[in-house]
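Asker: Please find one structure pasted underneath; my questions will follow.
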Amino acid sequence: MNTEAEKKSLLLEMITLATVDGHLHKRELDFLKLVAVELSISETEFQDLFHQEMKSIPIPSEMQRINQFYRLALLMHCDGVLHEREYKAIQQIALEMGLNLFAVKRILEMMKKAPNTIINPIKIMEIFQEQHN
């Protein structure tokens, strides 16, 4: 992520997913704040994002799109409750990013079964690479 607009777009997408179930859990908010810090978004700018609608900016690199998908998947699991609306929303977002739905579903299933929902990044890349062959 290079520009301020791209960083805010990324966070807005995450906020949208976090609130799709009608509730923002404290763990989700904490996760979002961590991402904001990593992206050098100030606390004021971060809070303002909850009151904005911004058109999503396409992520040019497939690697960055996969990273964003994985961030969203971690966010989806961080409250310990997997809502059907979140599951459908993340699949729709992944499709809009141009990611392979089969790979997306496979990773989401792996995350459900993993003890802490964490998957080795190399494995994630391998799953997406398999779909290119």
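Identifiers in this document derive from the order of the structure tokens: chains are assigned A, B, ..., residues are numbered from 1 separately in each chain, and ligands are numbered from 1 in order of occurrence.
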Using only C-alpha atoms, which protein or nucleic acid residues come within 10 Å of segment 120-127 of chain A? Drop anything in the same chain fewer than 4 positions from it, and give the result as number ranges by chain.
Answerer: A: 63, 66-67, 70, 100, 102-104, 106-107, 110, 131-132
Asker: With segment 1-16 of chain A as the partner and 9 Å as the cut-off, tabulate the residues of segment 62-121 of chain A that qualify, each row holding the nearest pair of atoms and their distance in Å to one decimal, using only C-alpha atoms, sorted by chain and rising number, as a Markdown table.
Answerer:
```
| residue | atom | partner | partner_atom | distance |
| --- | --- | --- | --- | --- |
| A:Gln64 | CA | A:Met1 | CA | 8.0 |
| A:Gln68 | CA | A:Leu10 | CA | 7.6 |
| A:Arg71 | CA | A:Met14 | CA | 8.1 |
| A:Leu72 | CA | A:Met14 | CA | 6.1 |
| A:Leu75 | CA | A:Met14 | CA | 7.6 |
| A:Ile93 | CA | A:Glu13 | CA | 8.6 |
```
Asker: Save the residues we just selected, C-alpha atoms, as a CSV table (one decimal), in the first residue's frame?
Answerer:
```csv
chain,number,residue,atom,x,y,z
A,64,GLN,CA,-1.2,-7.7,-2.0
A,68,GLN,CA,-5.6,-8.4,2.2
A,71,ARG,CA,-6.1,-10.0,6.9
A,72,LEU,CA,-9.9,-10.1,6.3
A,75,LEU,CA,-10.4,-10.3,11.3
A,93,ILE,CA,-14.9,-9.4,-1.5
```
Asker: Determine, using only C-alpha atoms, which residues of segment 69-120 of chain A have any atom at most 12 Å from an atom of segment 26-36 of chain A, and tabulate each with its shortest atom pair and distance in Å to one decimal place, rows ordered by chain and then rising number, as CSV.
Answerer:
```
residue,atom,partner,partner_atom,distance
A:Arg71,CA,A:Val35,CA,8.9
A:Leu72,CA,A:Leu32,CA,9.9
A:Ala73,CA,A:Glu28,CA,11.4
A:Leu74,CA,A:Phe31,CA,8.9
A:Leu75,CA,A:Glu28,CA,6.1
A:Met76,CA,A:Glu28,CA,7.8
A:His77,CA,A:Glu28,CA,8.7
A:Cys78,CA,A:Arg27,CA,6.1
A:Asp79,CA,A:Arg27,CA,5.6
A:Gly80,CA,A:Arg27,CA,9.0
A:Val81,CA,A:Glu28,CA,10.9
```
Asker: Can you list, as an NGL selection string, all residues belonging to segment 29-128 of chain A that DSSP tags as alpha helix (DSSP H)?
Answerer: :A and (29-38 or 43-49 or 62-77 or 84-96 or 101-113 or 121-128)
Asker: Which residues, written as an MDAnalysis selection string, have at least one atom at most 7 Å from Glu86 of chain A, with only C-alpha atoms counted and residues fewer than 6 positions away on the same chain left out?
Answerer: chainID A and resid 17 20:21 76
